[in-house]
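K.L.:
Handing over run09.txt, compact mmCIF, C-alpha atoms and all ligand atoms.
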```
# COMPACT_ATOMS: atom_id res chain seq x y z
CA MET A 326 10.22 9.59 216.92
CA ASN A 327 10.22 13.28 216.19
CA PRO A 328 13.34 15.31 216.85
CA MET A 329 13.25 17.43 219.96
CA PRO A 330 11.86 20.78 218.85
CA GLY A 331 14.33 23.57 219.36
CA ALA A 332 17.38 21.34 219.03
CA PRO A 333 20.45 23.47 218.29
CA VAL A 334 20.75 24.77 214.75
CA SER A 335 23.69 22.89 213.26
CA ILE A 336 25.23 24.23 210.09
CA PRO A 337 26.63 21.42 207.94
CA ALA A 338 30.06 21.93 206.38
CA ASP A 339 28.59 21.99 202.89
CA GLY A 340 27.22 25.44 203.64
CA SER A 341 23.68 24.58 202.60
CA PRO A 342 21.99 23.66 205.86
CA LEU A 343 18.68 25.16 204.90
CA LEU A 344 18.33 23.20 201.68
CA THR A 345 19.46 20.02 203.38
CA LEU A 346 16.84 20.45 206.06
CA ALA A 347 14.12 21.56 203.65
CA ASP A 348 14.73 18.57 201.35
CA GLN A 349 13.65 16.28 204.17
CA CYS A 350 10.07 17.42 203.59
CA VAL A 351 8.34 14.85 201.40
CA GLN A 352 5.33 17.15 200.94
CA CYS A 353 2.91 14.64 202.38
CA GLY A 354 0.71 17.39 203.81
CA LEU A 355 0.02 15.59 207.09
CA CYS A 356 1.01 18.71 209.01
CA LEU A 357 -1.48 21.00 207.26
CA PRO A 358 -4.54 20.38 209.47
CA HIS A 359 -2.42 21.10 212.54
CA CYS A 360 -1.21 24.50 211.34
CA PRO A 361 -3.19 27.41 212.84
CA THR A 362 -2.50 29.79 209.95
CA TYR A 363 -3.46 27.18 207.35
CA ARG A 364 -6.69 26.62 209.22
CA LEU A 365 -7.35 30.35 209.15
CA GLU A 366 -6.55 30.98 205.49
CA ALA A 367 -6.76 27.55 203.80
CA ILE A 368 -4.03 28.41 201.31
CA GLU A 369 -0.82 26.52 200.67
CA ALA A 370 1.45 29.53 201.30
CA GLU A 371 0.11 29.74 204.87
CA SER A 372 0.94 26.09 205.57
CA PRO A 373 4.15 24.47 206.83
CA ARG A 374 4.65 22.70 203.50
CA GLY A 375 4.11 25.95 201.61
CA ARG A 376 6.53 27.83 203.85
CA ILE A 377 9.21 25.17 203.41
CA ALA A 378 8.80 25.48 199.64
CA LEU A 379 9.02 29.28 199.98
CA ALA A 380 12.15 28.97 202.11
CA LYS A 381 13.77 26.71 199.49
CA ALA A 382 12.85 29.01 196.63
CA LEU A 383 14.25 32.02 198.47
CA ALA A 384 17.44 30.17 199.38
CA THR A 385 18.12 29.04 195.82
CA GLY A 386 17.25 32.41 194.32
CA ALA A 387 14.30 30.96 192.40
CA LEU A 388 12.10 33.51 194.18
CA ASP A 389 12.80 37.09 195.20
CA PRO A 390 11.87 38.13 198.73
CA SER A 391 8.70 39.90 197.62
CA PRO A 392 6.44 41.49 200.25
CA SER A 393 3.87 38.71 199.86
CA ALA A 394 6.45 35.91 200.20
CA LEU A 395 7.86 37.60 203.30
CA ALA A 396 4.38 38.09 204.74
CA HIS A 397 3.60 34.37 204.48
CA LEU A 398 6.80 33.57 206.33
CA ASP A 399 6.17 36.28 208.91
CA HIS A 400 2.69 34.92 209.58
CA CYS A 401 4.24 31.70 210.91
CA LEU A 402 3.77 31.56 214.66
CA GLY A 403 6.67 29.21 215.27
CA CYS A 404 4.25 27.09 217.29
CA LEU A 405 5.86 23.85 216.00
CA SER A 406 2.58 21.98 215.81
CA CYS A 407 3.75 20.95 212.32
CA GLN A 408 7.07 19.63 213.59
CA LYS A 409 5.38 17.69 216.34
CA VAL A 410 3.30 15.64 213.87
CA CYS A 411 5.73 15.38 210.94
CA PRO A 412 6.44 11.72 210.14
CA SER A 413 9.61 12.68 208.26
CA GLN A 414 11.06 14.44 211.31
CA VAL A 415 11.50 17.68 209.40
CA ARG A 416 13.22 20.22 211.65
CA TYR A 417 10.84 23.05 210.87
CA ASP A 418 12.13 25.16 213.77
CA ASP A 419 15.63 25.23 212.29
CA ILE A 420 14.35 25.87 208.77
CA LEU A 421 12.43 28.89 210.04
CA ALA A 422 15.33 30.27 212.10
CA LEU A 423 17.81 29.86 209.22
CA THR A 424 15.41 31.40 206.72
CA ARG A 425 14.76 34.39 208.92
CA ALA A 426 18.50 34.74 209.57
CA ASP A 427 19.20 34.66 205.83
CA LEU A 428 16.48 37.20 205.08
CA ARG A 429 17.68 39.72 207.64
CA ALA A 430 20.22 41.08 205.17
CA ARG A 431 17.79 40.99 202.24
CA ARG A 432 14.87 42.92 203.64
CA PRO A 433 14.47 46.44 205.01
CA ALA A 434 15.90 46.93 208.47
CA PRO A 435 13.23 46.63 211.18
CA GLY A 436 11.94 49.82 212.77
CA ARG A 437 12.75 50.81 216.32
CA ILE A 438 9.83 49.07 218.00
CA ARG A 439 10.43 45.83 216.13
CA ARG A 440 14.08 46.00 217.23
CA TRP A 441 12.95 46.48 220.84
CA LEU A 442 10.67 43.47 220.58
CA ARG A 443 13.67 41.27 219.67
CA ASP A 444 15.96 42.66 222.34
CA PRO A 445 15.28 40.88 225.63
CA ALA A 446 17.38 43.28 227.73
CA ARG A 447 15.68 46.39 226.38
CA LEU A 448 12.25 44.83 226.57
CA THR A 449 12.81 43.82 230.18
CA ARG A 450 13.92 47.36 231.08
CA LEU A 451 10.80 48.72 229.40
CA ALA A 452 8.59 46.28 231.33
CA ARG A 453 10.26 47.23 234.62
CA LEU A 454 9.85 50.92 233.86
CA GLY A 455 6.21 50.34 232.98
CA ALA A 456 5.64 48.51 236.25
CA ALA A 457 7.40 51.18 238.32
CA LEU A 458 5.47 54.02 236.68
CA ARG A 459 2.15 52.13 236.92
CA ALA A 460 1.85 52.34 233.16
CA ASP A 461 -1.52 50.58 233.28
CA ARG A 462 -3.02 53.92 234.42
CA TRP A 463 -1.83 56.11 231.59
CA LEU A 464 -0.69 53.94 228.67
CA PRO A 465 -4.27 53.37 227.44
CA LEU A 466 -4.68 57.16 227.31
CA LEU A 467 -1.45 57.45 225.35
CA ALA A 468 -2.61 54.69 223.02
CA GLY A 469 -5.58 56.88 222.13
CA VAL A 470 -3.33 59.40 220.39
CA LEU A 471 -1.07 56.87 218.66
CA PRO A 472 -1.83 55.99 215.02
CA LYS A 473 -4.36 53.17 214.66
CA GLY A 474 -2.73 49.90 213.64
CA SER A 475 0.75 51.08 214.66
CA LEU A 476 3.09 48.85 216.62
CA ALA A 477 3.47 51.60 219.22
CA ARG A 478 -0.27 51.63 219.84
CA ARG A 479 -0.37 47.86 220.05
CA LEU A 480 2.47 47.90 222.55
CA ALA A 481 0.80 50.65 224.60
CA LEU A 482 -2.41 48.62 224.81
CA THR A 483 -0.61 45.56 226.17
CA GLN A 484 -1.38 44.82 229.78
CA ALA A 485 0.96 46.24 232.39
CA PRO A 486 2.96 43.86 234.58
CA PRO A 487 1.19 42.63 237.71
CA PRO A 488 2.14 44.27 241.00
CA ARG A 489 5.03 42.83 242.94
CA PRO A 490 3.64 39.91 244.97
CA ALA A 491 3.45 40.15 248.73
CA PRO A 492 6.32 38.42 250.55
CA GLN A 493 5.66 34.70 250.92
CA ARG A 494 5.11 33.12 254.28
CA PRO A 495 8.22 31.43 255.67
CA ARG A 496 8.83 27.99 254.21
CA SER A 497 7.12 25.20 256.04
CA ALA A 498 9.94 22.69 255.62
CA PRO A 499 13.67 23.03 256.29
CA ALA A 500 15.77 23.28 253.12
CA THR A 501 17.21 19.79 253.24
CA ARG A 502 16.48 18.56 249.73
CA GLY A 503 19.27 20.34 247.88
CA ARG A 504 19.53 23.38 245.71
CA ILE A 505 17.33 24.18 242.72
CA VAL A 506 17.96 26.97 240.26
CA LEU A 507 14.75 28.68 239.24
CA PHE A 508 15.11 30.47 235.94
CA ARG A 509 13.22 33.75 235.91
CA GLY A 510 13.63 34.72 232.26
CA CYS A 511 13.82 38.23 230.83
CA VAL A 512 10.35 39.65 230.26
CA ALA A 513 8.88 36.83 232.36
CA SER A 514 10.93 38.08 235.33
CA VAL A 515 8.66 41.14 235.33
CA TYR A 516 5.37 39.97 233.85
CA ASP A 517 5.35 36.57 235.53
CA ARG A 518 6.79 37.48 238.89
CA ASP A 519 3.71 36.28 240.74
CA THR A 520 4.17 32.88 239.09
CA PHE A 521 7.83 32.88 239.98
CA ALA A 522 6.99 33.60 243.64
CA ALA A 523 4.47 30.75 243.54
CA ALA A 524 7.00 28.29 242.09
CA ARG A 525 9.46 29.28 244.79
CA ALA A 526 6.85 28.82 247.53
CA LEU A 527 5.95 25.31 246.31
CA LEU A 528 9.58 24.23 246.00
CA GLU A 529 10.40 25.60 249.43
CA ALA A 530 7.41 23.81 250.90
CA LEU A 531 9.01 20.62 249.56
CA GLY A 532 12.26 21.48 251.32
CA TYR A 533 14.38 22.78 248.45
CA GLU A 534 16.69 25.74 248.62
CA VAL A 535 15.74 27.93 245.67
CA VAL A 536 18.29 30.06 243.88
CA ALA A 537 16.93 32.57 241.38
CA THR A 538 18.77 33.56 238.22
CA SER A 539 19.55 37.25 237.89
CA ALA A 540 16.74 39.49 236.69
CA GLY A 541 16.90 39.57 232.93
CA ALA A 542 18.94 36.37 232.40
CA CYS A 543 17.55 35.16 229.10
CA CYS A 544 17.31 31.92 227.13
CA GLY A 545 17.60 33.78 223.80
CA ALA A 546 14.27 32.61 222.38
CA LEU A 547 13.08 36.07 221.31
CA PRO A 548 16.10 36.93 219.10
CA ARG A 549 16.45 33.35 217.86
CA HIS A 550 12.90 33.19 216.62
CA ALA A 551 13.48 36.46 214.80
CA GLY A 552 16.46 34.87 213.02
CA GLU A 553 19.04 36.77 215.07
CA ILE A 554 21.01 33.62 215.66
CA GLU A 555 24.28 35.25 216.72
CA ALA A 556 22.59 37.50 219.30
CA ALA A 557 20.62 34.52 220.60
CA ALA A 558 23.78 32.40 220.92
CA ALA A 559 25.57 35.18 222.83
CA THR A 560 22.59 35.56 225.16
CA ALA A 561 22.44 31.82 225.75
CA ALA A 562 26.18 31.68 226.44
CA ALA A 563 25.94 34.41 229.09
CA THR A 564 23.10 32.57 230.82
CA ARG A 565 24.97 29.25 230.57
CA GLU A 566 27.89 30.86 232.39
CA GLU A 567 25.62 32.23 235.11
CA LEU A 568 23.99 28.83 235.62
CA ARG A 569 27.38 27.17 235.75
CA ARG A 570 28.49 29.55 238.49
CA SER A 571 25.36 28.74 240.51
CA GLY A 572 26.65 25.22 241.12
CA ALA A 573 23.18 23.64 240.92
CA ASP A 574 22.61 20.65 238.67
CA VAL A 575 18.85 21.06 238.13
CA VAL A 576 17.27 24.08 236.49
CA LEU A 577 13.53 24.70 236.43
CA THR A 578 11.48 27.44 234.85
CA SER A 579 7.84 28.32 235.33
CA ALA A 580 7.69 29.98 231.88
CA SER A 581 6.89 27.35 229.24
CA GLY A 582 8.17 29.64 226.48
CA CYS A 583 11.66 29.63 227.99
CA HIS A 584 11.91 25.89 228.52
CA GLY A 585 12.94 24.79 225.02
CA ASP A 586 15.71 27.30 224.47
CA LEU A 587 16.90 26.89 228.04
CA ARG A 588 17.19 23.15 227.50
CA ASP A 589 18.53 23.08 223.95
CA GLN A 590 20.48 26.31 223.58
CA VAL A 591 21.63 27.20 227.10
CA ALA A 592 22.11 23.89 228.92
CA ASN A 593 23.32 22.04 225.85
CA ASP A 594 26.69 21.09 227.32
CA GLY A 595 25.21 18.44 229.62
CA ALA A 596 26.51 20.17 232.77
CA MET A 597 23.02 20.63 234.17
CA ARG A 598 19.54 19.27 233.61
CA VAL A 599 16.61 21.43 232.61
CA VAL A 600 13.53 19.67 233.94
CA GLU A 601 9.95 20.58 233.17
CA ILE A 602 8.71 22.10 236.44
CA HIS A 603 5.29 20.42 236.67
CA THR A 604 6.87 17.05 235.92
CA PHE A 605 9.45 17.72 238.60
CA LEU A 606 6.82 18.63 241.21
CA ALA A 607 4.46 15.79 240.33
CA ALA A 608 7.29 13.27 240.58
CA ASP A 609 8.43 14.54 243.97
CA ALA A 610 7.29 12.12 246.67
CA GLY A 611 6.91 15.05 249.07
CA PHE A 612 4.20 16.63 246.94
CA ALA A 613 1.69 13.98 247.95
CA ALA A 614 2.11 15.12 251.56
CA LEU A 615 1.22 18.74 250.79
CA ARG A 616 -2.35 19.78 251.51
CA PHE A 617 -4.39 22.21 249.45
CA ARG A 618 -7.48 24.14 250.47
CA PRO A 619 -10.62 23.33 248.47
CA LEU A 620 -11.70 25.71 245.73
CA ALA A 621 -15.14 25.31 244.22
CA ALA A 622 -14.43 26.86 240.84
CA ARG A 623 -14.31 26.07 237.13
CA ALA A 624 -10.86 26.56 235.59
CA ALA A 625 -10.47 26.50 231.79
CA LEU A 626 -7.04 25.06 231.02
CA HIS A 627 -5.26 26.55 228.00
CA LEU A 628 -2.23 24.48 227.05
CA PRO A 629 0.32 26.66 225.23
CA CYS A 630 2.08 25.32 222.12
CA THR A 631 5.40 25.64 223.95
CA GLN A 632 4.07 23.40 226.71
CA VAL A 633 2.65 20.68 224.46
CA ASN A 634 5.09 20.77 221.54
CA VAL A 635 8.32 21.57 223.36
CA ALA A 636 8.36 21.34 227.15
CA GLY A 637 5.92 18.47 227.78
CA GLY A 638 4.54 17.90 231.26
CA VAL A 639 0.88 18.19 230.29
CA ASP A 640 -0.20 15.16 232.34
CA ALA A 641 1.77 16.51 235.29
CA ILE A 642 -0.13 19.81 235.14
CA ARG A 643 -3.41 17.93 235.39
CA THR A 644 -2.04 15.75 238.19
CA LEU A 645 -0.99 18.78 240.22
CA LEU A 646 -4.26 20.64 239.72
CA ALA A 647 -6.20 17.54 240.73
CA ARG A 648 -4.76 18.03 244.21
CA ILE A 649 -7.00 21.07 244.76
CA PRO A 650 -10.27 19.69 246.14
CA ASP A 651 -13.47 20.81 244.37
CA LEU A 652 -11.60 22.45 241.48
CA ALA A 653 -13.08 21.51 238.09
CA VAL A 654 -10.35 21.64 235.43
CA LEU A 655 -11.83 22.05 231.96
CA PRO A 656 -9.35 21.62 229.10
CA LEU A 657 -10.00 23.84 226.09
CA PRO A 658 -10.80 21.82 222.94
CA GLU A 659 -8.39 21.22 220.03
CA GLN A 660 -5.20 21.75 221.99
CA PRO A 661 -2.61 22.81 221.25
CA ARG A 662 -4.02 25.44 218.94
CA CYS A 663 -1.96 28.60 219.18
CA CYS A 664 -3.84 31.55 220.72
CA GLY A 665 -1.75 33.95 218.61
CA ALA A 666 0.60 35.14 221.35
CA ALA A 667 3.80 33.44 220.10
CA GLY A 668 6.46 35.71 221.63
CA SER A 669 6.14 39.17 220.11
CA TYR A 670 3.82 37.89 217.33
CA PHE A 671 0.72 39.28 219.01
CA ILE A 672 2.16 42.78 218.70
CA GLU A 673 3.80 42.35 215.29
CA GLN A 674 1.05 40.41 213.50
CA PRO A 675 -2.15 41.72 215.09
CA GLU A 676 -4.56 40.61 212.37
CA PHE A 677 -3.73 36.90 212.58
CA ALA A 678 -3.07 37.06 216.32
CA ASP A 679 -6.47 38.55 217.08
CA ARG A 680 -8.35 36.07 214.89
CA LEU A 681 -6.65 33.16 216.63
CA ARG A 682 -7.34 34.71 220.02
CA ALA A 683 -11.01 35.23 219.22
CA GLN A 684 -11.39 31.49 218.53
CA LYS A 685 -9.64 30.67 221.79
CA LEU A 686 -11.70 33.07 223.87
CA ASP A 687 -14.93 31.81 222.30
CA GLN A 688 -13.92 28.26 223.23
CA ALA A 689 -13.13 29.39 226.78
CA ALA A 690 -16.39 31.30 227.14
CA ALA A 691 -18.34 28.19 226.13
CA LEU A 692 -16.94 26.44 229.20
CA GLN A 693 -18.29 29.20 231.47
CA PRO A 694 -15.15 29.23 233.58
CA ASP A 695 -14.35 31.27 236.67
CA MET A 696 -10.74 31.60 235.51
CA ILE A 697 -8.37 30.63 232.70
CA LEU A 698 -5.14 28.83 233.49
CA THR A 699 -2.09 28.93 231.23
CA THR A 700 1.60 28.21 231.73
CA ASN A 701 2.83 30.80 229.24
CA VAL A 702 3.24 34.45 230.11
CA GLY A 703 2.75 35.52 226.48
CA CYS A 704 -0.60 33.70 226.28
CA ARG A 705 -1.59 35.31 229.54
CA LEU A 706 -0.84 38.77 228.17
CA HIS A 707 -2.49 38.24 224.80
CA LEU A 708 -5.59 36.53 226.15
CA GLY A 709 -5.79 39.15 228.90
CA ASN A 710 -5.76 41.93 226.30
CA GLY A 711 -8.59 40.15 224.51
CA LEU A 712 -10.67 39.73 227.65
CA ARG A 713 -10.22 43.42 228.38
CA GLU A 714 -11.40 44.30 224.88
CA ARG A 715 -14.45 42.10 225.36
CA ALA A 716 -15.09 43.67 228.76
CA ALA A 717 -15.17 40.12 230.06
CA PRO A 718 -13.00 40.22 233.16
CA LEU A 719 -11.78 36.78 234.08
CA PRO A 720 -8.70 35.95 236.14
CA LEU A 721 -5.82 34.52 234.11
CA ARG A 722 -3.46 32.51 236.23
CA HIS A 723 -0.54 30.17 235.97
CA PRO A 724 -1.44 26.75 237.45
CA LEU A 725 1.46 27.11 239.88
CA ALA A 726 0.08 30.43 241.12
CA LEU A 727 -3.25 28.78 241.87
CA LEU A 728 -1.57 25.84 243.60
CA ALA A 729 0.56 28.14 245.78
CA GLU A 730 -2.48 30.20 246.68
CA GLN A 731 -4.38 27.09 247.78
CA LEU A 732 -1.41 25.56 249.58
CA ASP A 733 -2.36 24.93 253.17
CA ASN A 734 0.81 25.69 255.10
CA SER A 735 -0.84 24.90 258.40
CA ALA A 736 -1.31 21.26 257.35
CA SER A 737 2.32 20.51 256.41
S1 LIG B 1 6.72 19.11 206.96
FE1 LIG B 1 6.52 16.91 207.36
S2 LIG B 1 4.32 16.56 207.59
FE2 LIG B 1 4.55 18.55 206.62
S3 LIG B 1 4.44 18.15 204.41
FE3 LIG B 1 6.63 18.08 204.96
S4 LIG B 1 7.06 15.94 205.41
FE4 LIG B 1 4.82 16.15 205.43
S1 LIG B 2 5.16 26.61 213.19
FE1 LIG B 2 2.92 26.68 213.53
S2 LIG B 2 2.19 28.41 212.27
FE2 LIG B 2 4.27 27.90 211.56
S3 LIG B 2 3.96 26.49 209.86
FE3 LIG B 2 4.24 25.22 211.70
S4 LIG B 2 2.16 24.83 212.47
FE4 LIG B 2 2.03 26.55 211.00
```
Show this structure as structure tokens.
P.N.:
Amino acid sequence: MNPMPGAPVSIPADGSPLLTLADQCVQCGLCLPHCPTYRLEAIEAESPRGRIALAKALATGALDPSPSALAHLDHCLGCLSCQKVCPSQVRYDDILALTRADLRARRPAPGRIRRWLRDPARLTRLARLGAALRADRWLPLLAGVLPKGSLARRLALTQAPPPRPAPQRPRSAPATRGRIVLFRGCVASVYDRDTFAAARALLEALGYEVVATSAGACCGALPRHAGEIEAAAATAAATREELRRSGADVVLTSASGCHGDLRDQVANDGAMRVVEIHTFLAADAGFAALRFRPLAARAALHLPCTQVNVAGGVDAIRTLLARIPDLAVLPLPEQPRCCGAAGSYFIEQPEFADRLRAQKLDQAAALQPDMILTTNVGCRLHLGNGLRERAAPLPLRHPLALLAEQLDNSAS
């Protein structure tokens, strides 16, 4: 069995964790066909096996951190499709985090925008400011005067957060089932607030009392994936403390990108359970009693890497969506194949990110859908930017948002 992706980075006492982990790779190459960047470039340095060899060479000093070596490492999406299929149980996630942590001191300091992209608190404040100022109206104009190819321009062209959702109708069941903590996330608390409201509505319809984490409480995934292990650990510790104070023993999140770090870095003391939200809902006996209004529509289902490789719950997503009468759910082919979003990757590595997105949007278009469904807020943003560029408007929703919209409160 493969190790759980995102398991805590443990640093053995011999001081050489990276080499110990990297030596577990037997170079069989079975992961190569599953790697999105290898499929794009078809060169060893853009493969998991090539990156592990690069990481080893950099760690032992056999290779200097040249711009091209760093670029190959930076092109890695962290999608963990390699780790998922590795028969030797190589902990690629930890190798990548340790390599990036080691390289932080050996490469030029990141510029201001890159630092923002790794700072969940600052990024969340920016997103909130953008939402309050209706940045969607004027940021595209600003982008026009920013240098082409710059990170600032890329950031300015990213979709603005959705408007605050209308207040939900009162719950249709008394809160007798106990208390659930719903983790909002940092950037997701702004960009995915419609999804959060939907998750709350569904849980309340089942009779749960829902307690939300504070706006901006973060799992630490963004800094951890950038190799900022200490900052990520401090962030996770603060969130762990907040969850502990909440007194609930089950934590759910509607953001698939937060699930792994929430489970493995935040709730790693066993005091509470982080449960995949679709699995939780599908397993709840009360869900079968909920009624959903029919929707005659075609929904292309994009399964994010974080959902398939880390969080799980894919069957549960299909089970839940099957409750909407007349809805045709059309899975995209070759899943999970990263769409190029991957946290802040779609802003930092636009060339690879856009090529991966183009493949994904072509696959979606072939299904002639009325909407695209995805459980990851980053995928939603990145794919949404691509649809806007193609002038192909298509709603992008979280499955929970669709379910809540179709929930027939009058029938409960
Ligand atoms: S990471 Fe795993 S699957 Fe890939 S080459 Fe190494 S041992 Fe083989
Ligand atoms: S994490 Fe994804 S992009 Fe990176 S090497 Fe593995 S499969 Fe390739």
K.L.:
Within 6 Å of ligand LIG 1 (chain B), counting all atoms listed in the file: which residues, as a ChimeraX atom specification?
P.N.:
/A:350-356,373-374,411-413,415
K.L.:
Quick one: residues within 8 Å of ligand LIG 2 (chain B), with all atoms listed in the file, as a short mmCIF file (atom, residue, chain, number, x, y, z; two decimals) with C-alpha atoms, in the frame of the given file?
P.N.:
```
data_model
loop_
_atom_site.label_atom_id
_atom_site.label_comp_id
_atom_site.auth_asym_id
_atom_site.auth_seq_id
_atom_site.Cartn_x
_atom_site.Cartn_y
_atom_site.Cartn_z
CA CYS A 356 1.01 18.71 209.01
CA LEU A 357 -1.48 21.00 207.26
CA HIS A 359 -2.42 21.10 212.54
CA CYS A 360 -1.21 24.50 211.34
CA PRO A 361 -3.19 27.41 212.84
CA THR A 362 -2.50 29.79 209.95
CA TYR A 363 -3.46 27.18 207.35
CA GLU A 371 0.11 29.74 204.87
CA SER A 372 0.94 26.09 205.57
CA PRO A 373 4.15 24.47 206.83
CA ARG A 374 4.65 22.70 203.50
CA ARG A 376 6.53 27.83 203.85
CA HIS A 400 2.69 34.92 209.58
CA CYS A 401 4.24 31.70 210.91
CA LEU A 402 3.77 31.56 214.66
CA GLY A 403 6.67 29.21 215.27
CA CYS A 404 4.25 27.09 217.29
CA LEU A 405 5.86 23.85 216.00
CA SER A 406 2.58 21.98 215.81
CA CYS A 407 3.75 20.95 212.32
CA GLN A 408 7.07 19.63 213.59
CA TYR A 417 10.84 23.05 210.87
CA ASP A 418 12.13 25.16 213.77
CA CYS A 663 -1.96 28.60 219.18
#
```
K.L.:
Of the residues A:Gly469, A:Gly595, A:Gly510, A:Gly582, which is the one nearest to Thr564 in chain A, using all atoms listed in the file?
P.N.:
A:Gly510
K.L.:
Using all atoms listed in the file, find the one residue out of A:Met696, A:Ala446, A:Leu645, A:Leu706 that sits nearest to Arg623 in chain A.
P.N.:
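Closest candidate: A:Met696.
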K.L.:
Considering all atoms listed in the file, can you say which of A:Arg447, A:Arg431, A:Arg643, A:Arg682 comes closest to Pro724 in chain A?
P.N.:
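Of A:Arg447, A:Arg431, A:Arg643, A:Arg682, the one nearest Pro724 in chain A is A:Arg643, counting all atoms listed in the file.
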K.L.:
Please identify all polymer residues within 10 Å of Pro499 in chain A, counting only C-alpha atoms, omitting same-chain residues fewer than 3 positions from it, and present them as a compact mmCIF listing (two decimals) with C-alpha atoms, in the coordinates of the input.
P.N.:
```
# COMPACT_ATOMS: atom_id res chain seq x y z
CA ARG A 496 8.83 27.99 254.21
CA ARG A 502 16.48 18.56 249.73
CA GLU A 529 10.40 25.60 249.43
CA ALA A 530 7.41 23.81 250.90
CA LEU A 531 9.01 20.62 249.56
CA GLY A 532 12.26 21.48 251.32
CA TYR A 533 14.38 22.78 248.45
CA GLU A 534 16.69 25.74 248.62
```
K.L.:
Suppose you want the space between CA of Arg478 in chain A and CA of Pro718 in chain A; what is it in Å?
P.N.:
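One can read the CA of Arg478 in chain A to CA of Pro718 in chain A distance as 21.7 Å.
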K.L.:
One number please: CA of Arg565 in chain A to CA of Ala580 in chain A, in Å, one decimal.
P.N.:
17.3 Å
K.L.:
Quick one: residues within 8 Å of Ala370 in chain A, only C-alpha atoms, excluding same-chain residues fewer than 5 positions away - as a short mmCIF file (atom, residue, chain, number, x, y, z; two decimals) with C-alpha atoms, in the coordinates of the input?
P.N.:
```
data_model
loop_
_atom_site.label_atom_id
_atom_site.label_comp_id
_atom_site.auth_asym_id
_atom_site.auth_seq_id
_atom_site.Cartn_x
_atom_site.Cartn_y
_atom_site.Cartn_z
CA GLY A 375 4.11 25.95 201.61
CA ARG A 376 6.53 27.83 203.85
CA LEU A 379 9.02 29.28 199.98
CA HIS A 397 3.60 34.37 204.48
#
```
K.L.:
Need to verify the contact set: Ile420 in chain A, 10 Å, only C-alpha atoms, exclusion of same-chain residues closer than 6 positions in sequence. Can you return it as a VMD selection string?
P.N.:
chain A and resid 334 342 to 347 376 to 377 380 to 381 426
K.L.:
Taking into account all atoms listed in the file, which residue in the set A:Pro656, A:Pro390, A:Pro720, A:Gly668 is nearest to Leu692 in chain A?
P.N.:
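Smallest separation from Leu692 in chain A among the options: A:Pro656.
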K.L.:
Tell me which residues come within 9 Å of (5.9, 30.7, 243.5), as an MDAnalysis selection string, counting only C-alpha atoms in the file's coordinates.
P.N.:
chainID A and resid 493 518:528 579 725:726 728:730
K.L.:
Convert the current residue selection to file output with C-alpha atoms, as a PDB file, in the frame of the given file.
P.N.:
```
ATOM      1  CA  GLN A 493       5.660  34.700 250.920  1.00  0.00           C
ATOM      2  CA  ARG A 518       6.790  37.480 238.890  1.00  0.00           C
ATOM      3  CA  ASP A 519       3.710  36.280 240.740  1.00  0.00           C
ATOM      4  CA  THR A 520       4.170  32.880 239.090  1.00  0.00           C
ATOM      5  CA  PHE A 521       7.830  32.880 239.980  1.00  0.00           C
ATOM      6  CA  ALA A 522       6.990  33.600 243.640  1.00  0.00           C
ATOM      7  CA  ALA A 523       4.470  30.750 243.540  1.00  0.00           C
ATOM      8  CA  ALA A 524       7.000  28.290 242.090  1.00  0.00           C
ATOM      9  CA  ARG A 525       9.460  29.280 244.790  1.00  0.00           C
ATOM     10  CA  ALA A 526       6.850  28.820 247.530  1.00  0.00           C
ATOM     11  CA  LEU A 527       5.950  25.310 246.310  1.00  0.00           C
ATOM     12  CA  LEU A 528       9.580  24.230 246.000  1.00  0.00           C
ATOM     13  CA  SER A 579       7.840  28.320 235.330  1.00  0.00           C
ATOM     14  CA  LEU A 725       1.460  27.110 239.880  1.00  0.00           C
ATOM     15  CA  ALA A 726       0.080  30.430 241.120  1.00  0.00           C
ATOM     16  CA  LEU A 728      -1.570  25.840 243.600  1.00  0.00           C
ATOM     17  CA  ALA A 729       0.560  28.140 245.780  1.00  0.00           C
ATOM     18  CA  GLU A 730      -2.480  30.200 246.680  1.00  0.00           C
TER      19      GLU A 730
END
```
